[in-house]
Amino acid sequence: MKEYLGRIYASRFFWMHLAKIELKNKFRRSKLGILWVFVNPLCLTIIMSVVFAVAFHQNVLTYAPYILSGLLVWDVFVQSFVAASGTIISCDPFIRQFNHPITIYSLKSALVITISFSLSMISLCLWELFTNPAYLPVGLITMPFTIFVMFGISWSASTISSYTCTKYRDYPQMTSLIMQALWYISPVFLQESIFRSNDILYKWFSINPITHVLNLVRRPFLRGLFPSAIDYAISIAMVIILAGIAVVVNKKNERDIIFYI
């Protein structure tokens with residue numbers, strides 16, 4: 001493992017350059033450019049908050065940041081498990097020419113996803129600055145660790161998804177359906193009170209790791225509280241489990257993946 005990590009570090013200029021190129025191409029020839037990182041979730045938040053605030057009889061001003069925080073975190077999961085699944089396939093020319101560790105390509109994707117998440121969090125910070133400025137210091141203090149957790153989830157999930165998609169090309173379609181189902185049964189936009197209406201739903205709400213990852217953002221920014229020990233424990237456990245699976249998948253498939261591209 002030490003030798004493998006050393007090889008990743010030795011090729012750092014290569015995968016950092018790939019990440020930089022992907023970030024540039026992501027907004028190439030766009031009038032708004034990187035502003036889409038803020039505009040897209042904000043527009044979706046406005047639409048969803050108005051619709052669901054009316055449906056669930058919620059205050060739009062308090063419900064909107066709840067939805068926004070959920071969308072920002074959820075996007076990391078979707079990008080890592082679905083969008084990043086084509087990473088190895090798209091990097092086929094590099095894989096055929098260079099003998100670098102395959103995981104540098106999922107690392108590149110994870111960097112892009114994490115940087116996009118970090119930038120998009122500025123929109124939530126600005127919202128809280130004007131509505132609940134007293135909560136902002138706690139949010140900023142907890143933010144570095146939250147970004148680290150998101151990076152750990154993203155790199156591990158991107159590694160797993162990219163290997164799986166390379167071998168099984170139906171993976172993106174199947175995973176999109178699974179993620180859509182998780183969207184509706186996770187507190188991305190549904191509040192805790194909805195889950196309390198049913199004992200089974202509330203038990204799922206309590207043990208759902210996505211709930212606790214969301215709390216890393218929501219408790220500091222929306223309530224001015226530090227995430228609980230349970231939130232940190234389950235979030236870290238999620239990173240460790242995904243990382244363990246990623247290590248196994250990489251060790252089992254790295255030498256043979258060239259035959260599936």
# chains A, B, ... in the order shown; residues from 1 in each chain; ligands from 1
$ residues_around --residues "Phe38 of chain A" --least-positions-apart "4" --cutoff "12 Å" --atoms "only C-alpha atoms" --output "PDB file with N, CA and C atoms, in the first residue's frame"
ATOM      1  N   LEU A  32     -21.889  32.017 -18.453  1.00  0.00           N
ATOM      2  CA  LEU A  32     -21.804  32.181 -17.002  1.00  0.00           C
ATOM      3  C   LEU A  32     -20.586  31.479 -16.411  1.00  0.00           C
ATOM      4  N   GLY A  33     -20.049  30.493 -17.142  1.00  0.00           N
ATOM      5  CA  GLY A  33     -18.848  29.808 -16.665  1.00  0.00           C
ATOM      6  C   GLY A  33     -19.060  29.131 -15.328  1.00  0.00           C
ATOM      7  N   ILE A  34     -18.143  29.377 -14.414  1.00  0.00           N
ATOM      8  CA  ILE A  34     -18.175  28.705 -13.116  1.00  0.00           C
ATOM      9  C   ILE A  34     -19.354  29.167 -12.256  1.00  0.00           C
ATOM     10  N   LEU A  42     -29.212  26.957  -6.966  1.00  0.00           N
ATOM     11  CA  LEU A  42     -30.090  28.011  -6.466  1.00  0.00           C
ATOM     12  C   LEU A  42     -31.421  28.033  -7.208  1.00  0.00           C
ATOM     13  N   CYS A  43     -31.383  27.905  -8.529  1.00  0.00           N
ATOM     14  CA  CYS A  43     -32.620  27.880  -9.319  1.00  0.00           C
ATOM     15  C   CYS A  43     -33.471  26.670  -8.964  1.00  0.00           C
ATOM     16  N   LEU A  44     -32.825  25.509  -8.848  1.00  0.00           N
ATOM     17  CA  LEU A  44     -33.553  24.295  -8.480  1.00  0.00           C
ATOM     18  C   LEU A  44     -34.127  24.417  -7.077  1.00  0.00           C
ATOM     19  N   THR A  45     -33.378  25.068  -6.177  1.00  0.00           N
ATOM     20  CA  THR A  45     -33.852  25.269  -4.814  1.00  0.00           C
ATOM     21  C   THR A  45     -35.087  26.158  -4.785  1.00  0.00           C
ATOM     22  N   LEU A  68     -31.539  23.458  -0.293  1.00  0.00           N
ATOM     23  CA  LEU A  68     -30.253  23.790  -0.912  1.00  0.00           C
ATOM     24  C   LEU A  68     -29.128  22.936  -0.344  1.00  0.00           C
ATOM     25  N   LEU A  71     -29.427  19.401  -1.687  1.00  0.00           N
ATOM     26  CA  LEU A  71     -29.041  19.276  -3.094  1.00  0.00           C
ATOM     27  C   LEU A  71     -27.523  19.287  -3.260  1.00  0.00           C
ATOM     28  N   LEU A  72     -26.845  20.130  -2.500  1.00  0.00           N
ATOM     29  CA  LEU A  72     -25.387  20.239  -2.627  1.00  0.00           C
ATOM     30  C   LEU A  72     -24.696  18.940  -2.211  1.00  0.00           C
ATOM     31  N   SER A 116     -16.002  21.350  -6.907  1.00  0.00           N
ATOM     32  CA  SER A 116     -17.317  21.874  -7.282  1.00  0.00           C
ATOM     33  C   SER A 116     -18.217  21.991  -6.055  1.00  0.00           C
ATOM     34  N   PHE A 117     -18.160  20.984  -5.171  1.00  0.00           N
ATOM     35  CA  PHE A 117     -18.951  21.036  -3.934  1.00  0.00           C
ATOM     36  C   PHE A 117     -18.513  22.207  -3.062  1.00  0.00           C
ATOM     37  N   SER A 118     -17.212  22.381  -2.920  1.00  0.00           N
ATOM     38  CA  SER A 118     -16.687  23.465  -2.081  1.00  0.00           C
ATOM     39  C   SER A 118     -17.123  24.833  -2.611  1.00  0.00           C
ATOM     40  N   LEU A 119     -17.062  24.999  -3.929  1.00  0.00           N
ATOM     41  CA  LEU A 119     -17.481  26.265  -4.529  1.00  0.00           C
ATOM     42  C   LEU A 119     -18.981  26.483  -4.381  1.00  0.00           C
ATOM     43  N   SER A 120     -19.757  25.420  -4.574  1.00  0.00           N
ATOM     44  CA  SER A 120     -21.211  25.555  -4.465  1.00  0.00           C
ATOM     45  C   SER A 120     -21.654  25.860  -3.040  1.00  0.00           C
ATOM     46  N   MET A 121     -20.847  25.477  -2.053  1.00  0.00           N
ATOM     47  CA  MET A 121     -21.173  25.769  -0.661  1.00  0.00           C
ATOM     48  C   MET A 121     -21.149  27.270  -0.380  1.00  0.00           C
ATOM     49  N   ILE A 122     -20.492  28.034  -1.248  1.00  0.00           N
ATOM     50  CA  ILE A 122     -20.477  29.488  -1.084  1.00  0.00           C
ATOM     51  C   ILE A 122     -21.896  30.043  -1.156  1.00  0.00           C
ATOM     52  N   SER A 123     -22.742  29.414  -2.000  1.00  0.00           N
ATOM     53  CA  SER A 123     -24.127  29.879  -2.112  1.00  0.00           C
ATOM     54  C   SER A 123     -24.863  29.719  -0.791  1.00  0.00           C
ATOM     55  N   LEU A 124     -24.633  28.604  -0.086  1.00  0.00           N
ATOM     56  CA  LEU A 124     -25.259  28.403   1.221  1.00  0.00           C
ATOM     57  C   LEU A 124     -24.688  29.369   2.246  1.00  0.00           C
ATOM     58  N   CYS A 125     -23.388  29.614   2.175  1.00  0.00           N
ATOM     59  CA  CYS A 125     -22.755  30.566   3.100  1.00  0.00           C
ATOM     60  C   CYS A 125     -23.332  31.966   2.920  1.00  0.00           C
ATOM     61  N   LEU A 126     -23.533  32.371   1.666  1.00  0.00           N
ATOM     62  CA  LEU A 126     -24.099  33.698   1.399  1.00  0.00           C
ATOM     63  C   LEU A 126     -25.529  33.790   1.895  1.00  0.00           C
ATOM     64  N   TRP A 127     -26.279  32.700   1.711  1.00  0.00           N
ATOM     65  CA  TRP A 127     -27.660  32.680   2.205  1.00  0.00           C
ATOM     66  C   TRP A 127     -27.690  32.883   3.717  1.00  0.00           C
TER      67      TRP A 127
END
$ residues_around --residues "Ile67 of chain A" --least-positions-apart "5" --cutoff "8 Å" --atoms "only C-alpha atoms" --output "MDAnalysis selection string"
chainID A and resid 45 48:49 188:189
$ write_last_selection --atoms "C-alpha atoms" --output "PDB file, in the first residue's frame"
ATOM      1  CA  THR A  45     -33.852  25.269  -4.814  1.00  0.00           C
ATOM      2  CA  MET A  48     -38.514  23.023  -5.168  1.00  0.00           C
ATOM      3  CA  SER A  49     -38.871  25.235  -2.089  1.00  0.00           C
ATOM      4  CA  VAL A 188     -32.604  15.383   0.884  1.00  0.00           C
ATOM      5  CA  PHE A 189     -35.734  17.529   0.644  1.00  0.00           C
TER       6      PHE A 189
END
$ residues_around --residues "Ser186 of chain A" --least-positions-apart "5" --cutoff "10 Å" --atoms "only C-alpha atoms" --output "JSON, numbers by chain"
{"A": [70, 74, 181, 191, 192, 195, 201, 204, 205, 208, 209, 210, 211, 214]}
$ write_last_selection --atoms "N, CA and C atoms" --output "compact mmCIF listing (two decimals), in the first residue's frame"
# COMPACT_ATOMS: atom_id res chain seq x y z
N GLY A 70 -29.38 20.05 1.05
CA GLY A 70 -29.58 18.68 0.62
C GLY A 70 -29.13 18.45 -0.81
N TRP A 74 -26.23 15.92 -1.97
CA TRP A 74 -26.70 14.83 -2.82
C TRP A 74 -25.97 14.81 -4.16
N ALA A 181 -34.35 6.20 -6.29
CA ALA A 181 -35.13 5.64 -5.18
C ALA A 181 -34.61 6.17 -3.85
N GLN A 191 -38.35 16.65 5.26
CA GLN A 191 -37.90 16.96 6.61
C GLN A 191 -38.15 15.79 7.56
N GLU A 192 -37.52 15.87 8.72
CA GLU A 192 -37.60 14.79 9.70
C GLU A 192 -39.03 14.50 10.12
N PHE A 195 -40.76 11.76 8.20
CA PHE A 195 -40.34 10.40 8.53
C PHE A 195 -40.90 9.95 9.89
N LEU A 201 -40.23 4.16 8.74
CA LEU A 201 -39.54 5.23 8.03
C LEU A 201 -38.58 5.98 8.95
N TRP A 204 -35.46 3.98 9.53
CA TRP A 204 -34.60 4.12 8.36
C TRP A 204 -33.92 5.48 8.34
N PHE A 205 -34.67 6.52 8.70
CA PHE A 205 -34.12 7.88 8.78
C PHE A 205 -32.93 7.92 9.75
N ASN A 208 -29.93 5.70 8.30
CA ASN A 208 -29.49 6.05 6.94
C ASN A 208 -28.21 6.89 7.01
N PRO A 209 -27.10 6.40 6.48
CA PRO A 209 -25.84 7.18 6.56
C PRO A 209 -25.92 8.52 5.85
N ILE A 210 -26.79 8.62 4.83
CA ILE A 210 -26.93 9.89 4.12
C ILE A 210 -27.48 10.96 5.06
N THR A 211 -28.34 10.56 5.99
CA THR A 211 -28.88 11.49 6.99
C THR A 211 -27.76 12.15 7.77
N LEU A 214 -25.58 14.49 5.67
CA LEU A 214 -26.30 15.75 5.51
C LEU A 214 -26.20 16.61 6.77
$ closest_residue --among "A:Tyr9, A:Trp15, A:Phe27, A:Tyr260" --to "Lys167 of chain A" --atoms "only C-alpha atoms"
A:Tyr260
$ closest_residue --among "A:Ser158, A:Ser109, A:Asn40, A:Ser85" --to "Lys20 of chain A" --atoms "only C-alpha atoms"
A:Ser109
$ closest_residue --among "A:Ala53, A:Ile153, A:Leu61, A:Ile160" --to "Val239 of chain A" --atoms "only C-alpha atoms"
A:Ile153
$ atom_distance --atom1 "atom CA of Leu5 of chain A" --atom2 "atom CA of His212 of chain A"
29.4 Å
$ closest_residue --among "A:Leu107, A:Gly6, A:Phe130, A:Ile47" --to "Tyr63 of chain A" --atoms "only C-alpha atoms"
A:Ile47
$ select_by_dssp --residues "segment 2-239 of chain A" --states "alpha helix (DSSP H)" --output "ChimeraX atom specification"
/A:2-10,12-26,36-55,60-81,87-90,92-97,103-131,136-167,171-185,192-195,199-207,209-223,229-239
$ atom_distance --atom1 "atom CA of Lys2 of chain A" --atom2 "atom CA of Phe151 of chain A"
20.1 Å
$ atom_distance --atom1 "atom CA of Leu242 of chain A" --atom2 "atom CA of Val73 of chain A"
16.7 Å
$ closest_residue --among "A:Val217, A:Val82, A:Ile8, A:Ile95" --to "Tyr135 of chain A" --atoms "only C-alpha atoms"
A:Val217
$ decode --residues "segment 166-187 of chain A" --atoms "N, CA and C atoms" --output "mmCIF file, in the first residue's frame"
data_model
loop_
_atom_site.group_PDB
_atom_site.id
_atom_site.type_symbol
_atom_site.label_atom_id
_atom_site.label_comp_id
_atom_site.auth_asym_id
_atom_site.auth_seq_id
_atom_site.Cartn_x
_atom_site.Cartn_y
_atom_site.Cartn_z
ATOM 1 N N THR A 166 -16.859 -0.022 -16.342
ATOM 2 C CA THR A 166 -15.979 -0.495 -17.414
ATOM 3 C C THR A 166 -16.252 -1.961 -17.740
ATOM 4 N N LYS A 167 -16.555 -2.743 -16.725
ATOM 5 C CA LYS A 167 -16.831 -4.168 -16.934
ATOM 6 C C LYS A 167 -18.287 -4.436 -17.286
ATOM 7 N N TYR A 168 -19.181 -3.620 -16.735
ATOM 8 C CA TYR A 168 -20.620 -3.822 -16.968
ATOM 9 C C TYR A 168 -21.221 -2.488 -17.408
ATOM 10 N N ARG A 169 -21.462 -2.320 -18.690
ATOM 11 C CA ARG A 169 -21.866 -1.032 -19.244
ATOM 12 C C ARG A 169 -23.302 -0.637 -18.896
ATOM 13 N N ASP A 170 -24.066 -1.542 -18.295
ATOM 14 C CA ASP A 170 -25.414 -1.185 -17.844
ATOM 15 C C ASP A 170 -25.398 -0.497 -16.482
ATOM 16 N N TYR A 171 -24.226 -0.392 -15.900
ATOM 17 C CA TYR A 171 -24.121 0.149 -14.542
ATOM 18 C C TYR A 171 -24.732 1.551 -14.391
ATOM 19 N N PRO A 172 -24.441 2.530 -15.260
ATOM 20 C CA PRO A 172 -24.991 3.884 -15.052
ATOM 21 C C PRO A 172 -26.514 3.908 -15.015
ATOM 22 N N GLN A 173 -27.154 3.150 -15.917
ATOM 23 C CA GLN A 173 -28.607 3.142 -15.961
ATOM 24 C C GLN A 173 -29.201 2.511 -14.700
ATOM 25 N N MET A 174 -28.610 1.415 -14.271
ATOM 26 C CA MET A 174 -29.107 0.738 -13.068
ATOM 27 C C MET A 174 -28.890 1.600 -11.829
ATOM 28 N N THR A 175 -27.711 2.201 -11.728
ATOM 29 C CA THR A 175 -27.393 3.018 -10.562
ATOM 30 C C THR A 175 -28.249 4.281 -10.509
ATOM 31 N N SER A 176 -28.585 4.834 -11.667
ATOM 32 C CA SER A 176 -29.448 6.021 -11.708
ATOM 33 C C SER A 176 -30.806 5.725 -11.096
ATOM 34 N N LEU A 177 -31.328 4.532 -11.378
ATOM 35 C CA LEU A 177 -32.615 4.139 -10.795
ATOM 36 C C LEU A 177 -32.505 3.974 -9.284
ATOM 37 N N ILE A 178 -31.401 3.371 -8.840
ATOM 38 C CA ILE A 178 -31.195 3.170 -7.395
ATOM 39 C C ILE A 178 -31.055 4.519 -6.695
ATOM 40 N N MET A 179 -30.284 5.419 -7.279
ATOM 41 C CA MET A 179 -30.098 6.734 -6.681
ATOM 42 C C MET A 179 -31.404 7.519 -6.645
ATOM 43 N N GLN A 180 -32.236 7.341 -7.668
ATOM 44 C CA GLN A 180 -33.528 8.013 -7.688
ATOM 45 C C GLN A 180 -34.412 7.517 -6.554
ATOM 46 N N ALA A 181 -34.354 6.200 -6.290
ATOM 47 C CA ALA A 181 -35.131 5.639 -5.180
ATOM 48 C C ALA A 181 -34.614 6.168 -3.847
ATOM 49 N N LEU A 182 -33.291 6.223 -3.686
ATOM 50 C CA LEU A 182 -32.704 6.743 -2.443
ATOM 51 C C LEU A 182 -33.048 8.219 -2.236
ATOM 52 N N TRP A 183 -33.168 8.954 -3.342
ATOM 53 C CA TRP A 183 -33.523 10.375 -3.276
ATOM 54 C C TRP A 183 -34.845 10.578 -2.526
ATOM 55 N N TYR A 184 -35.818 9.688 -2.813
ATOM 56 C CA TYR A 184 -37.150 9.850 -2.235
ATOM 57 C C TYR A 184 -37.261 9.313 -0.809
ATOM 58 N N ILE A 185 -36.367 8.422 -0.421
ATOM 59 C CA ILE A 185 -36.464 7.864 0.938
ATOM 60 C C ILE A 185 -35.345 8.381 1.843
ATOM 61 N N SER A 186 -34.640 9.411 1.386
ATOM 62 C CA SER A 186 -33.612 10.067 2.202
ATOM 63 C C SER A 186 -34.023 11.518 2.436
ATOM 64 N N PRO A 187 -33.567 12.108 3.529
ATOM 65 C CA PRO A 187 -33.988 13.482 3.855
ATOM 66 C C PRO A 187 -33.253 14.552 3.051
#
